[in-house]
file final.cif (mmCIF, C-alpha atoms)
data_upload
loop_
_atom_site.label_atom_id
_atom_site.label_comp_id
_atom_site.auth_asym_id
_atom_site.auth_seq_id
_atom_site.Cartn_x
_atom_site.Cartn_y
_atom_site.Cartn_z
CA MET R 264 -5.18 -8.80 18.08
CA THR R 265 -4.46 -5.07 18.05
CA THR R 266 -1.14 -3.47 17.21
CA SER R 267 -0.49 -2.73 20.88
CA ASP R 268 -1.36 -6.34 21.74
CA THR R 269 1.14 -7.49 19.12
CA ARG R 270 3.76 -5.08 20.44
CA ASP R 271 3.13 -6.23 24.03
CA THR R 272 3.47 -9.86 22.95
CA ASN R 273 6.62 -9.07 20.99
CA ASN R 274 8.12 -7.14 23.90
CA THR R 275 7.42 -10.11 26.17
CA ASN R 276 9.10 -12.39 23.68
CA ASP R 277 12.07 -10.01 23.46
CA THR R 278 12.80 -10.08 27.19
CA ASN R 279 15.05 -13.11 26.75
CA ASP R 280 17.78 -13.58 24.17
CA GLY R 281 17.24 -17.32 24.01
CA ALA R 282 20.00 -18.03 26.50
CA GLY R 283 17.95 -16.92 29.50
CA ALA R 284 19.59 -13.48 29.84
CA GLU R 285 17.35 -10.43 30.23
CA VAL R 286 17.33 -7.88 27.41
CA ASP R 287 18.52 -4.44 28.46
CA PRO R 288 15.50 -2.19 29.20
CA ALA R 289 17.04 0.50 26.97
CA VAL R 290 17.04 -1.97 24.07
CA ARG R 291 13.41 -2.84 24.76
CA ALA R 292 12.52 0.87 24.89
CA GLU R 293 14.29 1.52 21.59
CA LEU R 294 12.54 -1.45 20.01
CA ALA R 295 9.16 -0.15 21.22
CA ARG R 296 9.98 3.34 19.87
CA LEU R 297 10.91 1.95 16.47
CA ARG R 298 7.80 -0.24 16.38
CA ASP R 299 5.64 2.77 17.20
CA SER R 300 7.16 4.57 14.23
CA ILE R 301 6.55 1.55 12.01
CA ASP R 302 2.92 1.43 13.17
CA ASN R 303 2.51 5.14 12.34
CA ILE R 304 4.05 4.64 8.89
CA ASP R 305 1.79 1.64 8.23
CA ALA R 306 -1.25 3.74 9.13
CA ALA R 307 -0.08 6.53 6.82
CA VAL R 308 0.46 4.03 3.97
CA VAL R 309 -3.09 2.68 4.41
CA HIS R 310 -4.56 6.18 4.40
CA MET R 311 -2.52 7.16 1.34
CA LEU R 312 -3.67 4.05 -0.52
CA ALA R 313 -7.27 4.83 0.41
CA GLU R 314 -6.90 8.32 -1.06
CA ARG R 315 -5.24 6.93 -4.17
CA PHE R 316 -8.08 4.48 -4.71
CA LYS R 317 -10.66 7.24 -4.26
CA CYS R 318 -8.98 9.05 -7.15
CA THR R 319 -8.69 5.95 -9.31
CA GLN R 320 -12.39 5.20 -8.73
CA GLN R 321 -13.16 8.64 -10.17
CA VAL R 322 -10.90 7.85 -13.14
CA GLY R 323 -12.79 4.58 -13.59
CA HIS R 324 -16.14 6.39 -13.69
CA LEU R 325 -14.78 8.94 -16.17
CA LYS R 326 -13.39 6.18 -18.40
CA ALA R 327 -16.67 4.24 -18.24
CA ALA R 328 -18.72 7.34 -19.08
CA HIS R 329 -16.60 7.94 -22.19
CA GLN R 330 -16.16 4.27 -23.18
CA LEU R 331 -12.40 4.36 -22.57
CA PRO R 332 -10.61 1.07 -21.85
CA PRO R 333 -10.03 0.17 -18.19
CA ALA R 334 -6.27 -0.28 -18.74
CA ASP R 335 -3.79 2.19 -20.21
CA PRO R 336 -0.57 0.23 -20.88
CA SER R 337 1.35 3.35 -21.96
CA ARG R 338 0.51 5.20 -18.73
CA GLU R 339 1.25 2.09 -16.68
CA ALA R 340 4.70 1.68 -18.27
CA HIS R 341 5.45 5.36 -17.68
CA GLN R 342 4.36 5.10 -14.03
CA ILE R 343 6.44 1.97 -13.44
CA ALA R 344 9.56 3.63 -14.89
CA ARG R 345 8.86 6.76 -12.83
CA LEU R 346 8.38 4.75 -9.63
CA ARG R 347 11.58 2.78 -10.26
CA ARG R 348 13.51 6.08 -10.54
CA LEU R 349 11.90 7.37 -7.34
CA ALA R 350 12.73 4.13 -5.55
CA GLU R 351 16.36 4.30 -6.62
CA SER R 352 16.69 7.87 -5.36
CA ALA R 353 15.02 6.86 -2.08
CA LYS R 354 17.37 3.87 -1.66
CA LEU R 355 14.46 1.43 -2.04
CA ASP R 356 14.78 -1.69 -4.15
CA PRO R 357 13.29 -0.67 -7.55
CA ALA R 358 12.16 -4.25 -8.21
CA PHE R 359 10.14 -4.19 -4.99
CA ALA R 360 8.63 -0.81 -5.91
CA GLU R 361 7.68 -2.17 -9.33
CA LYS R 362 6.05 -5.26 -7.83
CA LEU R 363 4.06 -3.08 -5.45
CA LEU R 364 2.91 -0.75 -8.23
CA ASN R 365 2.00 -3.70 -10.48
CA PHE R 366 -0.15 -5.08 -7.66
CA ILE R 367 -1.87 -1.71 -7.22
CA ILE R 368 -2.36 -1.28 -10.98
CA ALA R 369 -3.95 -4.73 -11.26
CA GLU R 370 -6.41 -3.82 -8.51
CA VAL R 371 -7.20 -0.47 -10.15
CA ILE R 372 -7.85 -2.18 -13.50
CA ARG R 373 -10.12 -4.68 -11.76
CA HIS R 374 -12.07 -1.77 -10.24
CA HIS R 375 -12.25 0.00 -13.62
CA GLU R 376 -13.55 -3.16 -15.28
CA SER R 377 -16.19 -3.51 -12.58
CA ILE R 378 -17.23 0.11 -12.99
CA ALA R 379 -17.39 -0.28 -16.79
CA ASP R 380 -19.49 -3.45 -16.44
CA GLY R 381 -21.86 -1.60 -14.14
CA ALA R 382 -22.05 1.37 -16.50
CA GLY R 383 -22.87 -0.94 -19.40
CA ARG R 384 -25.79 -2.36 -17.42
CA GLY R 385 -26.80 1.04 -16.06
CA THR R 386 -25.86 0.07 -12.50
CA ALA R 387 -23.05 1.00 -10.18
CA PRO R 388 -20.77 -1.68 -8.71
CA MET R 389 -21.33 -2.75 -5.12
CA GLY R 390 -20.07 -0.36 -2.47
CA GLU R 391 -20.52 2.82 -4.47
#

call {"tool": "encode", "arguments": {"input": "final.cif", "output": "C-alpha coordinates"}}
result
Amino acid sequence: MTTSDTRDTNNTNDTNDGAGAEVDPAVRAELARLRDSIDNIDAAVVHMLAERFKCTQQVGHLKAAHQLPPADPSREAHQIARLRRLAESAKLDPAFAEKLLNFIIAEVIRHHESIADGAGRGTAPMGE
(Lines of atoms letter the chains of each structure in order from A and count residues from 1; the text may use other names and numbers.)
(Lines give C-alpha, C1' and ligand atoms only; values in the text may rest on other atoms or scores of the structure.)
Protein backbone atom coordinates (compact mmCIF):
# COMPACT_ATOMS: atom_id res chain seq x y z
CA MET A 1 0.00 0.00 0.00
CA THR A 2 1.48 3.37 -0.95
CA THR A 3 1.48 6.47 1.21
CA SER A 4 -1.28 8.01 -0.90
CA ASP A 5 -3.28 4.78 -0.60
CA THR A 6 -2.86 4.95 3.17
CA ARG A 7 -3.86 8.61 3.20
CA ASP A 8 -6.90 7.89 1.01
CA THR A 9 -7.93 5.06 3.33
CA ASN A 10 -7.38 7.26 6.38
CA ASN A 11 -9.35 10.12 4.86
CA THR A 12 -12.21 7.72 4.14
CA ASN A 13 -12.07 6.53 7.73
CA ASP A 14 -12.04 10.13 8.96
CA THR A 15 -15.27 11.10 7.19
CA ASN A 16 -17.31 9.98 10.18
CA ASP A 17 -16.70 10.82 13.82
CA GLY A 18 -18.12 7.53 15.02
CA ALA A 19 -21.54 9.00 15.65
CA GLY A 20 -22.46 9.12 11.97
CA ALA A 21 -21.79 12.87 11.53
CA GLU A 22 -19.70 14.00 8.56
CA VAL A 23 -16.31 15.57 9.29
CA ASP A 24 -16.01 19.15 8.10
CA PRO A 25 -14.23 19.24 4.70
CA ALA A 26 -11.89 21.93 6.07
CA VAL A 27 -10.82 19.53 8.82
CA ARG A 28 -10.22 16.80 6.26
CA ALA A 29 -8.19 19.21 4.11
CA GLU A 30 -6.08 20.26 7.10
CA LEU A 31 -5.53 16.63 8.04
CA ALA A 32 -4.41 15.84 4.48
CA ARG A 33 -2.07 18.86 4.49
CA LEU A 34 -0.49 17.79 7.76
CA ARG A 35 -0.14 14.20 6.56
CA ASP A 36 1.57 15.42 3.39
CA SER A 37 4.07 17.28 5.56
CA ILE A 38 4.61 14.18 7.69
CA ASP A 39 5.20 12.12 4.54
CA ASN A 40 7.77 14.66 3.32
CA ILE A 41 9.54 14.65 6.68
CA ASP A 42 9.59 10.83 6.73
CA ALA A 43 11.18 10.83 3.27
CA ALA A 44 13.79 13.36 4.40
CA VAL A 45 14.58 11.26 7.50
CA VAL A 46 15.11 8.15 5.34
CA HIS A 47 17.39 10.04 2.96
CA MET A 48 19.35 11.55 5.85
CA LEU A 49 19.80 8.12 7.44
CA ALA A 50 20.99 6.74 4.09
CA GLU A 51 23.61 9.49 3.88
CA ARG A 52 24.65 8.89 7.48
CA PHE A 53 25.11 5.18 6.83
CA LYS A 54 27.17 5.90 3.71
CA CYS A 55 29.55 7.87 5.92
CA THR A 56 29.62 5.26 8.66
CA GLN A 57 30.39 2.56 6.07
CA GLN A 58 33.46 4.59 5.08
CA VAL A 59 34.41 4.85 8.76
CA GLY A 60 34.02 1.07 9.03
CA HIS A 61 36.37 0.49 6.10
CA LEU A 62 38.92 2.92 7.55
CA LYS A 63 38.74 1.23 10.95
CA ALA A 64 39.10 -2.23 9.38
CA ALA A 65 42.08 -1.14 7.28
CA HIS A 66 43.87 0.11 10.40
CA GLN A 67 42.71 -2.67 12.75
CA LEU A 68 40.69 -0.28 14.92
CA PRO A 69 37.82 -1.70 16.99
CA PRO A 70 34.32 -1.48 15.48
CA ALA A 71 32.93 0.30 18.57
CA ASP A 72 34.19 3.49 20.20
CA PRO A 73 32.42 3.76 23.58
CA SER A 74 33.91 7.19 24.34
CA ARG A 75 32.64 8.66 21.05
CA GLU A 76 29.28 6.97 21.51
CA ALA A 77 28.85 8.44 25.01
CA HIS A 78 29.82 11.89 23.71
CA GLN A 79 27.33 11.60 20.82
CA ILE A 80 24.52 10.46 23.11
CA ALA A 81 25.11 13.40 25.48
CA ARG A 82 25.28 15.78 22.51
CA LEU A 83 22.07 14.41 21.00
CA ARG A 84 20.26 14.65 24.35
CA ARG A 85 21.22 18.36 24.55
CA LEU A 86 20.04 18.92 20.96
CA ALA A 87 16.78 17.14 21.71
CA GLU A 88 16.14 19.26 24.78
CA SER A 89 16.72 22.47 22.83
CA ALA A 90 14.42 21.20 20.06
CA LYS A 91 11.68 20.30 22.59
CA LEU A 92 12.06 16.59 21.79
CA ASP A 93 12.08 13.98 24.53
CA PRO A 94 15.82 13.38 25.21
CA ALA A 95 15.11 9.77 26.25
CA PHE A 96 13.51 9.13 22.86
CA ALA A 97 16.46 10.75 21.07
CA GLU A 98 18.86 8.58 23.06
CA LYS A 99 16.93 5.40 22.23
CA LEU A 100 16.97 6.32 18.55
CA LEU A 101 20.71 7.03 18.56
CA ASN A 102 21.43 3.81 20.48
CA PHE A 103 19.51 1.89 17.82
CA ILE A 104 21.49 3.60 15.05
CA ILE A 105 24.81 3.06 16.86
CA ALA A 106 24.07 -0.65 17.30
CA GLU A 107 23.42 -0.97 13.57
CA VAL A 108 26.60 0.95 12.73
CA ILE A 109 28.66 -1.31 15.01
CA ARG A 110 27.09 -4.36 13.37
CA HIS A 111 28.12 -2.99 9.96
CA HIS A 112 31.64 -2.23 11.22
CA GLU A 113 31.99 -5.75 12.59
CA SER A 114 30.85 -7.17 9.26
CA ILE A 115 33.33 -5.00 7.39
CA ALA A 116 36.14 -5.99 9.77
CA ASP A 117 35.26 -9.69 9.36
CA GLY A 118 35.37 -9.28 5.60
CA ALA A 119 38.67 -7.42 5.76
CA GLY A 120 40.17 -10.18 7.89
CA ARG A 121 39.21 -12.73 5.23
CA GLY A 122 40.19 -10.43 2.37
CA THR A 123 36.59 -10.08 1.20
CA ALA A 124 34.04 -7.32 1.33
CA PRO A 125 30.67 -7.85 3.04
CA MET A 126 27.63 -8.46 0.86
CA GLY A 127 26.19 -5.41 -0.85
CA GLU A 128 29.42 -3.48 -1.17

call {"tool": "residues_near_point", "arguments": {"input": "final.cif", "point": "(3.8, 2.8, -15.5)", "cutoff": "12 Å", "atoms": "only C-alpha atoms", "output": "PyMOL selection string"}}
result
chain R and resi 334-348+360-369

call {"tool": "atom_distance", "arguments": {"input": "final.cif", "atom1": "CA of Cys318 in chain R", "atom2": "CA of His374 in chain R"}}
result
11.7 Å

call {"tool": "residues_around", "arguments": {"input": "final.cif", "residues": "His324 in chain R", "least_positions_apart": "5", "cutoff": "12 Å", "atoms": "all atoms listed in the file", "output": "list of chain:residue names"}}
result
R:Lys317, R:Cys318, R:Thr319, R:His329, R:Gln330, R:Leu331, R:Pro332, R:Pro333, R:Val371, R:Ile372, R:His374, R:His375, R:Glu376, R:Ser377, R:Ile378, R:Ala379, R:Asp380, R:Gly381, R:Ala382, R:Gly383, R:Thr386, R:Ala387, R:Pro388, R:Glu391

call {"tool": "atom_distance", "arguments": {"input": "final.cif", "atom1": "CA of Asp305 in chain R", "atom2": "CA of Pro288 in chain R"}}
result
25.3 Å

call {"tool": "atom_distance", "arguments": {"input": "final.cif", "atom1": "CA of Ala353 in chain R", "atom2": "CA of Asp299 in chain R"}}
result
21.8 Å

call {"tool": "build_atoms", "arguments": {"input": "final.cif", "residues": "range 329-340 of chain R", "atoms": "all heavy atoms", "output": "short mmCIF file (atom, residue, chain, number, x, y, z; two decimals), in the frame of the given file"}}
result
data_model
loop_
_atom_site.label_atom_id
_atom_site.label_comp_id
_atom_site.auth_asym_id
_atom_site.auth_seq_id
_atom_site.Cartn_x
_atom_site.Cartn_y
_atom_site.Cartn_z
N HIS R 329 -17.07 7.57 -20.85
CA HIS R 329 -16.60 7.94 -22.19
C HIS R 329 -16.10 6.72 -22.97
O HIS R 329 -15.37 6.88 -23.96
CB HIS R 329 -15.52 9.02 -22.08
CG HIS R 329 -16.05 10.28 -21.50
ND1 HIS R 329 -16.73 11.22 -22.24
CD2 HIS R 329 -16.04 10.74 -20.22
CE1 HIS R 329 -17.11 12.22 -21.47
NE2 HIS R 329 -16.71 11.95 -20.23
N GLN R 330 -16.50 5.54 -22.52
CA GLN R 330 -16.16 4.27 -23.18
C GLN R 330 -14.66 4.13 -23.45
O GLN R 330 -14.24 3.63 -24.50
CB GLN R 330 -16.93 4.09 -24.51
CG GLN R 330 -18.42 3.89 -24.35
CD GLN R 330 -19.18 5.19 -24.13
OE1 GLN R 330 -18.93 6.17 -24.84
NE2 GLN R 330 -20.06 5.23 -23.18
N LEU R 331 -13.85 4.54 -22.49
CA LEU R 331 -12.40 4.36 -22.57
C LEU R 331 -12.04 3.02 -21.95
O LEU R 331 -12.72 2.55 -21.02
CB LEU R 331 -11.68 5.49 -21.86
CG LEU R 331 -11.90 6.89 -22.46
CD1 LEU R 331 -11.33 7.95 -21.54
CD2 LEU R 331 -11.27 6.98 -23.84
N PRO R 332 -10.99 2.39 -22.41
CA PRO R 332 -10.61 1.07 -21.85
C PRO R 332 -10.16 1.19 -20.40
O PRO R 332 -9.58 2.21 -20.00
CB PRO R 332 -9.48 0.61 -22.75
CG PRO R 332 -8.95 1.83 -23.42
CD PRO R 332 -10.08 2.81 -23.48
N PRO R 333 -10.42 0.15 -19.60
CA PRO R 333 -10.03 0.17 -18.19
C PRO R 333 -8.51 0.29 -17.98
O PRO R 333 -8.07 0.91 -17.02
CB PRO R 333 -10.54 -1.15 -17.64
CG PRO R 333 -11.60 -1.59 -18.59
CD PRO R 333 -11.20 -1.04 -19.92
N ALA R 334 -7.73 -0.30 -18.87
CA ALA R 334 -6.27 -0.28 -18.74
C ALA R 334 -5.67 0.71 -19.73
O ALA R 334 -6.23 0.96 -20.79
CB ALA R 334 -5.70 -1.67 -18.99
N ASP R 335 -4.54 1.27 -19.34
CA ASP R 335 -3.79 2.19 -20.21
C ASP R 335 -2.33 1.76 -20.15
O ASP R 335 -1.55 2.30 -19.33
CB ASP R 335 -3.98 3.62 -19.73
CG ASP R 335 -3.31 4.67 -20.62
OD1 ASP R 335 -2.46 4.29 -21.45
OD2 ASP R 335 -3.64 5.85 -20.46
N PRO R 336 -1.93 0.78 -20.97
CA PRO R 336 -0.57 0.23 -20.88
C PRO R 336 0.53 1.28 -20.99
O PRO R 336 1.56 1.16 -20.32
CB PRO R 336 -0.52 -0.76 -22.04
CG PRO R 336 -1.94 -1.15 -22.27
CD PRO R 336 -2.74 0.09 -21.97
N SER R 337 0.34 2.30 -21.81
CA SER R 337 1.35 3.35 -21.96
C SER R 337 1.55 4.11 -20.64
O SER R 337 2.67 4.33 -20.20
CB SER R 337 0.95 4.30 -23.09
OG SER R 337 1.83 5.38 -23.16
N ARG R 338 0.44 4.49 -20.03
CA ARG R 338 0.51 5.20 -18.73
C ARG R 338 1.13 4.29 -17.68
O ARG R 338 1.94 4.72 -16.87
CB ARG R 338 -0.89 5.64 -18.31
CG ARG R 338 -1.02 5.99 -16.84
CD ARG R 338 -1.21 7.44 -16.60
NE ARG R 338 -1.51 7.69 -15.19
CZ ARG R 338 -0.80 8.51 -14.44
NH1 ARG R 338 0.20 9.18 -14.94
NH2 ARG R 338 -1.11 8.69 -13.18
N GLU R 339 0.73 3.03 -17.67
CA GLU R 339 1.25 2.09 -16.68
C GLU R 339 2.76 1.94 -16.81
O GLU R 339 3.49 1.98 -15.81
CB GLU R 339 0.55 0.74 -16.82
CG GLU R 339 -0.92 0.81 -16.45
CD GLU R 339 -1.75 -0.29 -17.09
OE1 GLU R 339 -1.18 -1.32 -17.48
OE2 GLU R 339 -2.98 -0.10 -17.19
N ALA R 340 3.25 1.81 -18.04
CA ALA R 340 4.70 1.68 -18.27
C ALA R 340 5.42 2.94 -17.80
O ALA R 340 6.49 2.85 -17.18
CB ALA R 340 4.98 1.41 -19.74
#
